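Report on one structure; see the data block that follows.
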Amino acid sequence: MTENNNQQAQRKAAMAVLAHAEADEIAARLRTIALPGHQDLRAPENGLVMLRGRVGGDGAPFNLGEATVSRAAVRLASGEVGFGYTLGRDGEKARLIALCDALVQSRDFGAAVERDVIAPLREQLMVRRKQAAAETAATKVDFYTMVRGEG
Amino acid sequence: MYVAVKGGERAIENAHRLLAHARRGDQNVPELTLDQISEQLGLAVDRVMSEGSLYDRELAALAIKQARGDLIEAIFLVRAFRATLPRFGASEPVDTGTMRVQRRVSSTFKDIPGGQILGPTFDYTHRLLDPTLAEGSAPEAPAMAEASTAPTPRVTDILGRDGLIESSPQAEDGASVGDLTREPLNFPADRDLRLQNLARGDEGFLLAMGYSTQRGYGRNHPFAGEIRFGEVEVEVFAEDVGFAVPLGSIALTECQMVNQFKGSATEAPCFTRGYGLAFGQSERKTMSMALVDRALRARELGEEAAAPAQDEEFVMSHSDNVQATGFVEHLKLPHYVDFQSELGLLRKLRQEFADAHAPDAMKEAAE
């Protein structure tokens, strides 16, 4: 059970990075690995997900509006099944995420895909976020209240 | 009543060809790309996504290009597109408390944990036209500062700790979330449906309704407790995967309005809330939405509901610009048969009027 939970957390963390990368970035990283045989279990498909918010930010859920989502599933020759979901309509990206998810679960490829694909993309994402955070931080403001004069 | 007419196919086809030509404009001027629209007209894209009720920057940019910059037409195109795709499910509710904030201001407290962050804003600009933009310009690189790792709790969470503000209503166990794209609207409508309606409602309509509450038509003494804009992560529970799958992030703007107190014999007085949430950087929209959300709570809060902004049937039935434009603009389509019958009736009435007012002499002569 714990092993299952660990693997689930690992898959989720990998998906969270991959969803922020572009398809060609993922493809370029994957080319550094000698990939095992694999096939589409479900060809990429576009659809919608209803995005939900919460009343007041922390209350009961409500439907905010939809987003386009692409999804796919890939099976390795060794049997692992991976799933790919991403915002947008890039079916190739969904397929690549599914392939990575299958590899993450594989005894033989799990370490390699983490080291050569996920870790560098995570690093790149962190650099982008850090840059944005620094630009935002420069606009932090200290308002001070003027004391109202008497009379 | 609109009655289908035949004929004019050739003229219609040629009109659409002429439209394509007019859309392109002077062909010596470079054609707009979707990237240019998405990057340089980003707030127009945000509005089309919000009111089109579909988060997809590229599609919204395409719709703006196709609609020649007519945003309501673009919203219409986006709404029509969404009907072509299957729905995979609903996301986990996003957590705006963990937003990667790019802007966050409060008009109620100057010192808030995490600080006030102006971000990219028109506020404090002088609203003078900038001729240097006409020339084309490469802006200076943004200033940088060390980012704080301190959390940025919602201002309403801070007020809530001391019980100074009402808490948000929680979902009852097993309660389904209302969806006005699936079920027809009935009144009275619950808060979830009202917020969905307002989130996709026309910004101009909501602005006018919100403004009317400030001018005294349903006054509720608002303060902008907090406005925040930034990115939040989205997850959807996928049956096939067996857990909530990350999809990436979306940009959202949230507005928490803090309004005049309520209280009762059994409850200590506290501030009340109005809430606004929309795709992209949509500040005017979310502020207006929060004002109208609060106004629509009049009955729930035991206030007299006499102003238009407090009338949920009025607000919710007229907020949707696709429905509104459909009904207003259909007046352009041929109504020949209808008009013929009106014309016949008018001629009859005029004849009766003429007969009744004919000079007595003539009547007598006629007799």
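Identifiers in the structure tokens: chain A, B, ... in order shown; residue index from 1 per chain; ligand index from 1 in order shown.
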Kindly determine which residues of chain B lie within 7 Å of chain A, considering only C-alpha atoms, and give the answer as number ranges by chain.
B: 53-56, 85-96, 102, 110, 115-119, 142-147, 168-171, 177, 179, 192, 196, 199, 241, 245-248, 256, 275
Based on the selection just made, write N, CA and C atoms of those residues as a short mmCIF file (atom, residue, chain, number, x, y, z; two decimals), in the first residue's frame.
data_model
loop_
_atom_site.label_atom_id
_atom_site.label_comp_id
_atom_site.auth_asym_id
_atom_site.auth_seq_id
_atom_site.Cartn_x
_atom_site.Cartn_y
_atom_site.Cartn_z
N SER B 53 -16.56 31.43 -21.67
CA SER B 53 -16.61 30.34 -20.70
C SER B 53 -15.77 29.15 -21.16
N LEU B 54 -14.61 29.47 -21.77
CA LEU B 54 -13.71 28.41 -22.23
C LEU B 54 -12.27 28.90 -22.10
N TYR B 55 -11.50 28.19 -21.26
CA TYR B 55 -10.10 28.57 -21.07
C TYR B 55 -9.26 27.94 -22.16
N ASP B 56 -8.90 28.74 -23.17
CA ASP B 56 -8.01 28.30 -24.24
C ASP B 56 -7.56 29.56 -24.97
N LEU B 85 -17.14 19.69 -28.48
CA LEU B 85 -16.24 18.79 -27.77
C LEU B 85 -16.96 18.04 -26.64
N PRO B 86 -16.56 16.78 -26.39
CA PRO B 86 -17.14 16.02 -25.27
C PRO B 86 -16.58 16.55 -23.95
N ARG B 87 -17.33 16.38 -22.87
CA ARG B 87 -16.81 16.79 -21.57
C ARG B 87 -16.25 15.58 -20.83
N PHE B 88 -15.00 15.71 -20.40
CA PHE B 88 -14.33 14.60 -19.70
C PHE B 88 -14.72 14.57 -18.22
N GLY B 89 -15.11 15.71 -17.66
CA GLY B 89 -15.44 15.73 -16.23
C GLY B 89 -15.30 17.13 -15.67
N ALA B 90 -15.26 17.20 -14.36
CA ALA B 90 -15.12 18.50 -13.68
C ALA B 90 -13.84 18.47 -12.85
N SER B 91 -13.18 19.63 -12.76
CA SER B 91 -11.92 19.69 -12.01
C SER B 91 -12.19 19.64 -10.52
N GLU B 92 -11.15 19.34 -9.75
CA GLU B 92 -11.20 19.60 -8.32
C GLU B 92 -11.32 21.12 -8.19
N PRO B 93 -12.05 21.63 -7.18
CA PRO B 93 -12.13 23.09 -7.04
C PRO B 93 -10.72 23.67 -6.86
N VAL B 94 -10.43 24.75 -7.60
CA VAL B 94 -9.09 25.34 -7.50
C VAL B 94 -8.94 26.05 -6.16
N ASP B 95 -7.71 26.10 -5.67
CA ASP B 95 -7.44 26.74 -4.38
C ASP B 95 -6.73 28.08 -4.64
N THR B 96 -7.49 29.17 -4.54
CA THR B 96 -6.91 30.49 -4.82
C THR B 96 -5.96 30.93 -3.70
N GLN B 102 0.68 37.28 -8.87
CA GLN B 102 1.40 38.27 -9.68
C GLN B 102 0.93 39.68 -9.35
N LYS B 110 -3.39 48.06 5.04
CA LYS B 110 -2.17 48.34 4.28
C LYS B 110 -1.09 47.30 4.56
N GLY B 115 2.25 40.93 1.89
CA GLY B 115 2.43 42.26 1.30
C GLY B 115 1.46 42.61 0.19
N GLN B 116 1.48 43.88 -0.15
CA GLN B 116 0.69 44.39 -1.28
C GLN B 116 1.60 44.39 -2.50
N ILE B 117 1.13 43.78 -3.57
CA ILE B 117 1.96 43.61 -4.77
C ILE B 117 1.20 44.20 -5.96
N LEU B 118 1.77 45.23 -6.56
CA LEU B 118 1.04 45.91 -7.63
C LEU B 118 0.99 45.10 -8.92
N GLY B 119 2.11 44.43 -9.28
CA GLY B 119 2.12 43.64 -10.51
C GLY B 119 1.90 44.51 -11.72
N PRO B 142 12.04 44.04 -16.83
CA PRO B 142 11.41 44.30 -15.53
C PRO B 142 12.45 44.37 -14.42
N ALA B 143 12.17 45.20 -13.41
CA ALA B 143 13.02 45.25 -12.23
C ALA B 143 12.89 43.92 -11.48
N MET B 144 13.91 43.57 -10.73
CA MET B 144 13.86 42.32 -9.96
C MET B 144 14.10 42.63 -8.49
N ALA B 145 13.52 41.82 -7.64
CA ALA B 145 13.78 41.92 -6.21
C ALA B 145 13.68 40.53 -5.63
N GLU B 146 14.24 40.36 -4.46
CA GLU B 146 14.19 39.04 -3.84
C GLU B 146 12.75 38.70 -3.50
N ALA B 147 12.31 37.54 -3.96
CA ALA B 147 10.93 37.14 -3.70
C ALA B 147 10.82 36.55 -2.29
N SER B 168 -17.55 31.42 4.56
CA SER B 168 -18.15 31.03 3.29
C SER B 168 -19.09 29.86 3.50
N PRO B 169 -20.20 29.83 2.77
CA PRO B 169 -21.10 28.68 2.90
C PRO B 169 -20.43 27.41 2.41
N GLN B 170 -20.55 26.32 3.17
CA GLN B 170 -19.94 25.05 2.78
C GLN B 170 -20.97 24.17 2.10
N ALA B 171 -20.48 23.27 1.25
CA ALA B 171 -21.37 22.37 0.53
C ALA B 171 -21.92 21.33 1.50
N VAL B 177 -23.17 20.10 -7.84
CA VAL B 177 -22.87 21.48 -8.19
C VAL B 177 -23.72 21.86 -9.39
N ASP B 179 -25.20 23.39 -12.74
CA ASP B 179 -24.53 23.71 -13.99
C ASP B 179 -25.54 24.23 -14.99
N ASP B 192 -24.33 28.86 -6.22
CA ASP B 192 -23.41 28.27 -7.20
C ASP B 192 -23.83 28.63 -8.63
N GLN B 196 -21.87 31.07 -11.35
CA GLN B 196 -21.55 30.58 -12.71
C GLN B 196 -22.09 31.55 -13.76
N ALA B 199 -19.98 34.71 -13.68
CA ALA B 199 -18.62 34.49 -14.18
C ALA B 199 -18.59 34.56 -15.70
N VAL B 241 -7.18 6.72 -14.33
CA VAL B 241 -5.88 6.81 -13.64
C VAL B 241 -6.03 6.44 -12.16
N VAL B 245 -5.39 14.07 -11.37
CA VAL B 245 -4.27 14.27 -12.28
C VAL B 245 -4.03 15.76 -12.51
N PRO B 246 -2.76 16.22 -12.38
CA PRO B 246 -2.46 17.64 -12.67
C PRO B 246 -2.61 17.94 -14.16
N LEU B 247 -3.25 19.06 -14.49
CA LEU B 247 -3.48 19.44 -15.88
C LEU B 247 -2.61 20.60 -16.32
N GLY B 248 -1.92 21.26 -15.35
CA GLY B 248 -1.22 22.50 -15.65
C GLY B 248 -1.88 23.62 -14.86
N GLN B 256 -12.46 39.75 -3.44
CA GLN B 256 -13.23 39.55 -2.21
C GLN B 256 -13.75 40.92 -1.78
N TYR B 275 -18.36 37.88 -3.85
CA TYR B 275 -17.23 37.16 -4.43
C TYR B 275 -17.19 37.27 -5.95
#
Which of region 43-140 of chain A end up as strand (DSSP E) when DSSP is run on this backbone - answer as a ChimeraX atom specification?
/A:43-54,61-76,81-87,140
10 Å contact set for region 26-37 of chain B, only C-alpha atoms, chain neighbours under 4 positions out, as a PyMOL selection string
chain B and resi 21-22+41-45+57-65+69
Residues from the last selection, C-alpha atoms, saved as a short mmCIF file (atom, residue, chain, number, x, y, z; two decimals), in the first residue's frame:
data_model
loop_
_atom_site.label_atom_id
_atom_site.label_comp_id
_atom_site.auth_asym_id
_atom_site.auth_seq_id
_atom_site.Cartn_x
_atom_site.Cartn_y
_atom_site.Cartn_z
CA HIS B 21 -11.51 40.85 -47.56
CA ALA B 22 -12.56 43.57 -45.11
CA LEU B 41 -3.94 41.97 -26.74
CA GLY B 42 -3.86 39.67 -23.73
CA LEU B 43 -6.69 41.32 -21.81
CA ALA B 44 -9.03 40.99 -24.80
CA VAL B 45 -8.14 37.30 -24.88
CA ARG B 57 -5.86 31.30 -25.19
CA GLU B 58 -5.22 30.16 -28.73
CA LEU B 59 -8.90 29.61 -29.55
CA ALA B 60 -9.85 32.95 -28.00
CA ALA B 61 -7.15 34.68 -30.10
CA LEU B 62 -8.47 32.95 -33.23
CA ALA B 63 -12.01 34.05 -32.38
CA ILE B 64 -10.86 37.68 -31.94
CA LYS B 65 -9.11 37.58 -35.31
CA GLY B 69 -11.94 42.48 -32.86
#
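What separates CA of Ala77 (chain A) from CA of Ala43 (chain A) is a distance of 16.5 Å.
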So that I can check the surroundings of Cys255 (chain B), please list as a list in words every protein, DNA and RNA residue that reaches within 6 Å of it, counting only C-alpha atoms and ignoring chain neighbours fewer than 4 positions away.
Glu226, Ile227, Tyr275, Gly276, Thr286 and Met287 of chain B
Residues at most 8 Å from Leu103 (chain A), counting only C-alpha atoms, excluding those fewer than 3 positions away in the same chain, as an mmCIF file with N, CA and C atoms, in the first residue's frame?
data_model
loop_
_atom_site.group_PDB
_atom_site.id
_atom_site.type_symbol
_atom_site.label_atom_id
_atom_site.label_comp_id
_atom_site.auth_asym_id
_atom_site.auth_seq_id
_atom_site.Cartn_x
_atom_site.Cartn_y
_atom_site.Cartn_z
ATOM 1 N N LEU A 76 3.420 0.191 -22.515
ATOM 2 C CA LEU A 76 4.751 -0.310 -22.863
ATOM 3 C C LEU A 76 4.647 -1.792 -23.211
ATOM 4 N N GLU A 80 3.265 -1.845 -18.613
ATOM 5 C CA GLU A 80 2.875 -0.653 -17.864
ATOM 6 C C GLU A 80 1.998 0.261 -18.719
ATOM 7 N N GLY A 82 0.433 4.032 -19.106
ATOM 8 C CA GLY A 82 0.592 5.421 -18.674
ATOM 9 C C GLY A 82 -0.526 6.287 -19.224
ATOM 10 N N LEU A 99 3.327 8.487 -22.227
ATOM 11 C CA LEU A 99 4.522 7.642 -22.380
ATOM 12 C C LEU A 99 5.440 7.809 -21.155
ATOM 13 N N CYS A 100 5.655 9.065 -20.740
ATOM 14 C CA CYS A 100 6.494 9.316 -19.555
ATOM 15 C C CYS A 100 5.892 8.656 -18.319
ATOM 16 N N SER A 106 7.900 2.008 -14.745
ATOM 17 C CA SER A 106 8.676 0.849 -15.180
ATOM 18 C C SER A 106 9.922 0.652 -14.313
ATOM 19 N N PHE A 109 12.988 1.654 -16.489
ATOM 20 C CA PHE A 109 13.144 3.003 -17.051
ATOM 21 C C PHE A 109 12.795 4.133 -16.079
ATOM 22 N N GLY A 110 12.224 3.759 -14.919
ATOM 23 C CA GLY A 110 11.780 4.770 -13.963
ATOM 24 C C GLY A 110 12.867 5.769 -13.602
ATOM 25 N N VAL A 113 13.975 8.051 -16.723
ATOM 26 C CA VAL A 113 13.037 9.093 -17.142
ATOM 27 C C VAL A 113 13.008 10.225 -16.109
#
Go ahead and compute the interatomic distance for CA of Leu207 (chain B) and CA of Ala74 (chain B), in Å to one decimal.
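Separation between CA of Leu207 (chain B) and CA of Ala74 (chain B): 19.9 Å.
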Tell me, as a list in words, which residues lie within 9 Å of Gly52 (chain B), counting only C-alpha atoms; anything in the same chain fewer than 2 positions away does not count.
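My reading of the contact set: Gly65 of chain A; Arg47, Val48, Met49, Ser50, Leu54, Tyr55, Ala60, Ile72, Ala74, Ile75, Phe76, Leu77, Val78, Arg79, Ala80, Arg82, Arg200 and Val322 of chain B.
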Okay, now the selection with C-alpha atoms, as a short mmCIF file (atom, residue, chain, number, x, y, z; two decimals), in the first residue's frame?
data_model
loop_
_atom_site.label_atom_id
_atom_site.label_comp_id
_atom_site.auth_asym_id
_atom_site.auth_seq_id
_atom_site.Cartn_x
_atom_site.Cartn_y
_atom_site.Cartn_z
CA GLY A 65 -16.21 27.73 -16.93
CA ARG B 47 -12.30 38.62 -21.61
CA VAL B 48 -13.20 36.29 -24.49
CA MET B 49 -12.11 33.27 -22.42
CA SER B 50 -14.15 34.44 -19.39
CA LEU B 54 -13.71 28.41 -22.23
CA TYR B 55 -10.10 28.57 -21.07
CA ALA B 60 -9.85 32.95 -28.00
CA ILE B 72 -19.02 39.75 -28.32
CA ALA B 74 -15.67 36.35 -30.63
CA ILE B 75 -17.37 35.17 -27.42
CA PHE B 76 -20.23 33.81 -29.54
CA LEU B 77 -17.72 31.86 -31.69
CA VAL B 78 -16.04 30.37 -28.62
CA ARG B 79 -19.37 29.32 -27.10
CA ALA B 80 -20.33 27.63 -30.36
CA ARG B 82 -17.32 24.35 -26.99
CA ARG B 200 -19.70 34.21 -17.83
CA VAL B 322 -24.55 35.83 -26.37
#
DSSP helix (DSSP H, G or I) residues within region 87-236 of chain B, listed as a PyMOL selection string:
chain B and resi 96-98+131-135+155-161+191-199+203-214
Resulting file, chosen residues, C-alpha atoms, as a compact mmCIF listing (two decimals), in the first residue's frame:
# COMPACT_ATOMS: atom_id res chain seq x y z
CA THR B 96 -6.91 30.49 -4.82
CA GLY B 97 -5.11 30.55 -1.45
CA THR B 98 -2.13 28.80 -3.09
CA PRO B 131 3.21 58.29 -28.69
CA THR B 132 6.31 56.11 -28.31
CA LEU B 133 4.10 53.01 -28.64
CA ALA B 134 3.10 54.18 -32.11
CA GLU B 135 6.73 53.90 -33.17
CA VAL B 155 -7.57 38.82 3.52
CA THR B 156 -10.96 37.28 4.26
CA ASP B 157 -9.19 34.35 5.99
CA ILE B 158 -7.44 36.86 8.27
CA LEU B 159 -10.71 38.66 9.11
CA GLY B 160 -12.38 35.29 9.56
CA ARG B 161 -9.98 34.24 12.29
CA ARG B 191 -25.39 30.80 -5.10
CA ASP B 192 -23.41 28.27 -7.20
CA LEU B 193 -25.63 28.91 -10.24
CA ARG B 194 -25.60 32.65 -9.64
CA LEU B 195 -21.79 32.72 -9.55
CA GLN B 196 -21.55 30.58 -12.71
CA ASN B 197 -23.94 32.96 -14.43
CA LEU B 198 -22.01 36.04 -13.30
CA ALA B 199 -18.62 34.49 -14.18
CA GLU B 203 -18.52 42.72 -18.22
CA GLY B 204 -20.32 45.89 -19.29
CA PHE B 205 -23.65 44.71 -17.89
CA LEU B 206 -22.09 43.65 -14.58
CA LEU B 207 -20.13 46.91 -14.38
CA ALA B 208 -23.35 48.92 -14.78
CA MET B 209 -25.20 46.74 -12.25
CA GLY B 210 -22.33 46.97 -9.74
CA TYR B 211 -22.11 50.72 -10.28
CA SER B 212 -25.85 51.07 -9.68
CA THR B 213 -25.42 49.54 -6.20
CA GLN B 214 -22.74 52.13 -5.40
Skipping near chain neighbours, those fewer than 3 positions away, what residues fall within 12 Å of Ile33 (chain A) using only C-alpha atoms, listed as a PyMOL selection string?
chain A and resi 26-30+36+100+103+108-117
Output file for the residues above (N, CA and C atoms, as an mmCIF file, in the first residue's frame):
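Final file, out_20.cif:
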data_model
loop_
_atom_site.group_PDB
_atom_site.id
_atom_site.type_symbol
_atom_site.label_atom_id
_atom_site.label_comp_id
_atom_site.auth_asym_id
_atom_site.auth_seq_id
_atom_site.Cartn_x
_atom_site.Cartn_y
_atom_site.Cartn_z
ATOM 1 N N ILE A 26 9.505 18.011 -24.247
ATOM 2 C CA ILE A 26 9.423 16.639 -23.715
ATOM 3 C C ILE A 26 10.016 15.668 -24.727
ATOM 4 N N ALA A 27 9.661 15.854 -25.996
ATOM 5 C CA ALA A 27 10.154 14.954 -27.056
ATOM 6 C C ALA A 27 11.671 14.993 -27.119
ATOM 7 N N ALA A 28 12.251 16.202 -27.024
ATOM 8 C CA ALA A 28 13.710 16.341 -27.108
ATOM 9 C C ALA A 28 14.383 15.597 -25.957
ATOM 10 N N ARG A 29 13.806 15.705 -24.750
ATOM 11 C CA ARG A 29 14.383 15.005 -23.593
ATOM 12 C C ARG A 29 14.258 13.488 -23.744
ATOM 13 N N LEU A 30 13.124 13.053 -24.270
ATOM 14 C CA LEU A 30 12.897 11.608 -24.415
ATOM 15 C C LEU A 30 13.864 10.982 -25.420
ATOM 16 N N PRO A 36 11.765 1.775 -24.768
ATOM 17 C CA PRO A 36 11.266 0.418 -25.011
ATOM 18 C C PRO A 36 10.088 0.471 -25.998
ATOM 19 N N CYS A 100 5.655 9.065 -20.740
ATOM 20 C CA CYS A 100 6.494 9.316 -19.555
ATOM 21 C C CYS A 100 5.892 8.656 -18.319
ATOM 22 N N LEU A 103 6.656 5.095 -18.334
ATOM 23 C CA LEU A 103 8.085 4.881 -18.037
ATOM 24 C C LEU A 103 8.381 5.065 -16.548
ATOM 25 N N ASP A 108 12.609 -0.774 -15.173
ATOM 26 C CA ASP A 108 13.842 -0.566 -15.948
ATOM 27 C C ASP A 108 14.064 0.885 -16.358
ATOM 28 N N PHE A 109 12.988 1.654 -16.489
ATOM 29 C CA PHE A 109 13.144 3.003 -17.051
ATOM 30 C C PHE A 109 12.795 4.133 -16.079
ATOM 31 N N GLY A 110 12.224 3.759 -14.919
ATOM 32 C CA GLY A 110 11.780 4.770 -13.963
ATOM 33 C C GLY A 110 12.867 5.769 -13.602
ATOM 34 N N ALA A 111 14.055 5.255 -13.282
ATOM 35 C CA ALA A 111 15.149 6.133 -12.844
ATOM 36 C C ALA A 111 15.615 7.021 -13.995
ATOM 37 N N ALA A 112 15.721 6.422 -15.191
ATOM 38 C CA ALA A 112 16.228 7.175 -16.343
ATOM 39 C C ALA A 112 15.285 8.313 -16.721
ATOM 40 N N VAL A 113 13.975 8.051 -16.723
ATOM 41 C CA VAL A 113 13.037 9.093 -17.142
ATOM 42 C C VAL A 113 13.008 10.225 -16.109
ATOM 43 N N GLU A 114 13.171 9.862 -14.847
ATOM 44 C CA GLU A 114 13.238 10.902 -13.811
ATOM 45 C C GLU A 114 14.494 11.758 -14.011
ATOM 46 N N ARG A 115 15.619 11.103 -14.241
ATOM 47 C CA ARG A 115 16.897 11.816 -14.327
ATOM 48 C C ARG A 115 17.006 12.635 -15.614
ATOM 49 N N ASP A 116 16.605 12.033 -16.760
ATOM 50 C CA ASP A 116 16.887 12.665 -18.052
ATOM 51 C C ASP A 116 15.724 13.486 -18.611
ATOM 52 N N VAL A 117 14.516 13.275 -18.089
ATOM 53 C CA VAL A 117 13.360 14.009 -18.622
ATOM 54 C C VAL A 117 12.737 14.909 -17.546
#
Rounded to one decimal place, report the CA of Phe261 (chain B)-CA of Glu166 (chain B) distance in Å.
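Value for the CA of Phe261 (chain B)-CA of Glu166 (chain B) distance: 9.1 Å.
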